[in-house]
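Participant: Pasting a structure here, questions to come.
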Amino acid sequence: MRCLSLADTLRKHGVNCIFFCRPRPGDMLEVIKQRGYKAVALPSLGDDSRLFDFKESTCASWLGTRWDIDAFDTYKALNDQILDWLIVDHYALDQNWESALRIGCRHLMVIDDLADRPHDCDILLDQNLGRSASDYKNLLSENVLQLVGPKFALLREEFEIARPESLVQRSTIKCKHLLIAMGGIDQHNITEQILEALETSSLQRDLRISVVLGSKAPHLENVKIRASIMNWKTRVISGLSDVAKLMSDSDLAIGAAGVTAWERCCMGLPSIIMVLADNQRAGAIALENAGAALIADNVNEIVLQLKSFLSPEGNLNLLERMSASAANIVDGRGTARVCRRIIDYEY
């Protein structure tokens, strides 16, 4: 999604963007095509013998094959094109893959969150809060342009547009609308667990709850059934097109600590966050330390934290401080900043 956000902005500057993806469960090839981009599918791996014992990185298995095989497949997919820029966004890839693909591009940019492996690139983007250029010491050559921190968060333009109105609405702090968004797939059905746990709580009766799930979420129907018997007005939204408007209309969110965390910050939306993947933990801790969110390690903790906001004597002062802290972290113009650095790069 963050690559799509960047591509949308680059396209407005006349840049032709092509995506190269490996067909795997959960891939976004069709979504990319629906957004008007050429999406080149690398050869499907299936269960063939090209898999191997992944030892190089904790994320290496996500690639599905050896890096050199993936590099070969990618170069072959270029079909003798020399790209102006090749932008790489994959936690299993490092300088080995990047160096191999240098023959297919004039410049190379890496999007990373982990700072745990060396890169061969011209631009490195790490949009995490608390990250500094020193975290990449000895991982990059000295001439790499580093775009570090949430000021470079790759959000869709809709968030920048909706941000002013959202912040104005928060001048009057209230807690009447709860947003629950645990990711489009929510494979472990955290959403239904949260709804079930809320049934045992004594929250205010006029609370509204909005639940967001993708249309392909495996537990979507179960969540809809649970929502229909809740003690509060609860709606389940799938295939949502205007996330920014929904966030603007919400007073508090329960969500994962991934890309949507930056979207919530842009909207000044306070949140309770659950860490659903190891690579999200550092960012979640940074958000909590900045006063923009609270971390919950399990569903029961979420309910306890909700009570501090949603009970009749809820702590609205804390909610107000969290909103202000969140809004100060992301301003919604990160994608434009990254786009400008790419276009203006000294060849």
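To be explicit about the labels: the chains of the structure tokens are called A, B, and onward in the order shown, and within each one the residues are counted from 1, while ligands get numbers from 1 in the order they are shown.
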Taking 4 positions as the minimum chain separation for residues in the same chain, which residues sit within 12 Å of range 169-177 of chain A when counting only C-alpha atoms? Answer as a ChimeraX atom specification.
Facilitator: /A:162-165,203-211,232-235,245-254,267-271,306-324,326-327
Participant: At a cut-off of 9 Å, using only C-alpha atoms, what residues contact Ile329 in chain A? Leave out same-chain residues fewer than 6 positions from it and give the result as an NGL selection string.
Facilitator: :A and (129 or 150-151 or 262 or 265-266 or 287 or 290 or 292)
Participant: Rank A:Ile342, A:Val303, A:Met1, A:Leu45 by their smallest atom-to-atom distance to Ser202 in chain A, using only C-alpha atoms, and report the top residue only.
Facilitator: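 Looking only at the distances to Ser202 in chain A, the closest residue turns out to be A:Val303.
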Participant: Using DSSP on the backbone coordinates, identify the residues of range 11-160 of chain A assigned to alpha helix (DSSP H); present them as a PyMOL selection string.
Facilitator: chain A and resi 11-12+29-34+67-78+95-100+157-160
Participant: Using CA of Phe19 in chain A and CA of Gln146 in chain A as the two end points, give the distance in Å to one decimal.
Facilitator: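 Atom-to-atom, CA of Phe19 in chain A to CA of Gln146 in chain A, that is 23.0 Å.
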Participant: Determine, counting only C-alpha atoms, which protein, DNA and RNA residues have an atom within 10 Å of an atom of Thr200 in chain A; residues of the same chain fewer than 4 positions away are not included. Present the result as a PDB file with N, CA and C atoms, in the first residue's frame.
Facilitator:
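Done, and the output landed in selection.pdb:
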ATOM      1  N   LEU A 195     -14.573  -7.561  20.240  1.00  0.00           N
ATOM      2  CA  LEU A 195     -16.015  -7.342  20.382  1.00  0.00           C
ATOM      3  C   LEU A 195     -16.592  -8.217  21.486  1.00  0.00           C
ATOM      4  N   GLU A 196     -16.150  -9.452  21.540  1.00  0.00           N
ATOM      5  CA  GLU A 196     -16.638 -10.365  22.577  1.00  0.00           C
ATOM      6  C   GLU A 196     -16.240  -9.881  23.967  1.00  0.00           C
ATOM      7  N   ASN A 231     -24.231  -4.806  22.379  1.00  0.00           N
ATOM      8  CA  ASN A 231     -25.053  -3.899  23.173  1.00  0.00           C
ATOM      9  C   ASN A 231     -24.985  -2.461  22.670  1.00  0.00           C
ATOM     10  N   VAL A 303      -9.573  -3.833  26.843  1.00  0.00           N
ATOM     11  CA  VAL A 303     -10.818  -3.513  27.554  1.00  0.00           C
ATOM     12  C   VAL A 303     -10.536  -2.636  28.764  1.00  0.00           C
TER      13      VAL A 303
END
Participant: Which residues are near range 277-286 of chain A? Cut-off 7 Å, only C-alpha atoms, ignore same chain within fewer than 2 positions. Put them as number ranges by chain.
Facilitator: A: 114, 128-130, 257-258, 275, 288-290, 295
Participant: Do you know which residues are at most 8 Å from Thr9 in chain A counting only C-alpha atoms, after dropping those on the same chain fewer than 3 positions away, and could you put them as a PyMOL selection string?
Facilitator: chain A and resi 5-6+12-13+335-336+339
Participant: Save the residues we just selected, N, CA and C atoms, as a compact mmCIF listing (two decimals), in the first residue's frame?
Facilitator:
# COMPACT_ATOMS: atom_id res chain seq x y z
N SER A 5 0.92 4.33 -2.72
CA SER A 5 0.80 5.75 -2.38
C SER A 5 1.89 6.56 -3.08
N LEU A 6 3.12 6.03 -3.06
CA LEU A 6 4.22 6.72 -3.72
C LEU A 6 4.02 6.75 -5.23
N LYS A 12 1.46 11.63 -10.88
CA LYS A 12 1.01 13.01 -11.10
C LYS A 12 2.12 13.89 -11.65
N HIS A 13 3.36 13.45 -11.49
CA HIS A 13 4.51 14.18 -12.03
C HIS A 13 4.98 13.58 -13.36
N THR A 335 4.68 11.64 1.52
CA THR A 335 4.78 11.07 0.18
C THR A 335 5.27 12.12 -0.81
N ALA A 336 4.77 13.34 -0.68
CA ALA A 336 5.22 14.42 -1.57
C ALA A 336 6.71 14.72 -1.35
N CYS A 339 8.69 11.90 -3.03
CA CYS A 339 8.57 12.07 -4.48
C CYS A 339 9.51 13.16 -4.98
Participant: Find the spatial neighbours of range 25-33 of chain A, counting only C-alpha atoms, within a cut-off of 9 Å - ignore same-chain residues fewer than 6 positions away - and output them as a list in words.
Facilitator: Met1, Leu4, Phe19, Ala39, Val40, Ala41 and Ile185 of chain A
Participant: I need the chosen residues saved as a PDB file, in the first residue's frame, with C-alpha atoms.
Facilitator:
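Generated file (part_32.pdb):
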ATOM      1  CA  MET A   1       0.000   0.000   0.000  1.00  0.00           C
ATOM      2  CA  LEU A   4       0.989   2.447  -4.261  1.00  0.00           C
ATOM      3  CA  PHE A  19       5.166  -3.133 -10.193  1.00  0.00           C
ATOM      4  CA  ALA A  39       1.750  -5.348 -12.606  1.00  0.00           C
ATOM      5  CA  VAL A  40       4.325  -7.888 -13.769  1.00  0.00           C
ATOM      6  CA  ALA A  41       3.975 -11.277 -12.060  1.00  0.00           C
ATOM      7  CA  ILE A 185      -7.240  -9.733   6.711  1.00  0.00           C
TER       8      ILE A 185
END
Participant: With distances taken over only C-alpha atoms, which residue among A:Leu78, A:Cys121, A:Ile190, A:Leu42 lies nearest Glu98 in chain A?
Facilitator: A:Cys121
Participant: So how far away is CA of Pro218 in chain A from CA of Lys38 in chain A, in Å?
Facilitator: 28.0 Å
Participant: Of the candidates A:Gln187, A:Ser201, A:Asn16, A:Asn298, which one gets nearest to Ala217 in chain A if we count only C-alpha atoms?
Facilitator: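 Ranked by minimum distance to Ala217 in chain A, first place goes to A:Gln187.
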Participant: Which of these residues is nearest to Met274 in chain A, using only C-alpha atoms: A:Asn222, A:Ser215, A:Thr191, A:Asn138?
Facilitator: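 Under the stated criterion, the closest residue is A:Thr191.
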Participant: Rounded to one decimal, what separation in Å do you get between CA of Leu124 in chain A and CA of Gly334 in chain A?
Facilitator: 14.0 Å
Participant: Write out as a VMD selection string each polymer residue whose atoms come within 12 Å of Asn79 in chain A, counting only C-alpha atoms; drop sequence neighbours fewer than 3 positions from it.
Facilitator: chain A and resid 20 40 42 72 to 76 82 to 83 104
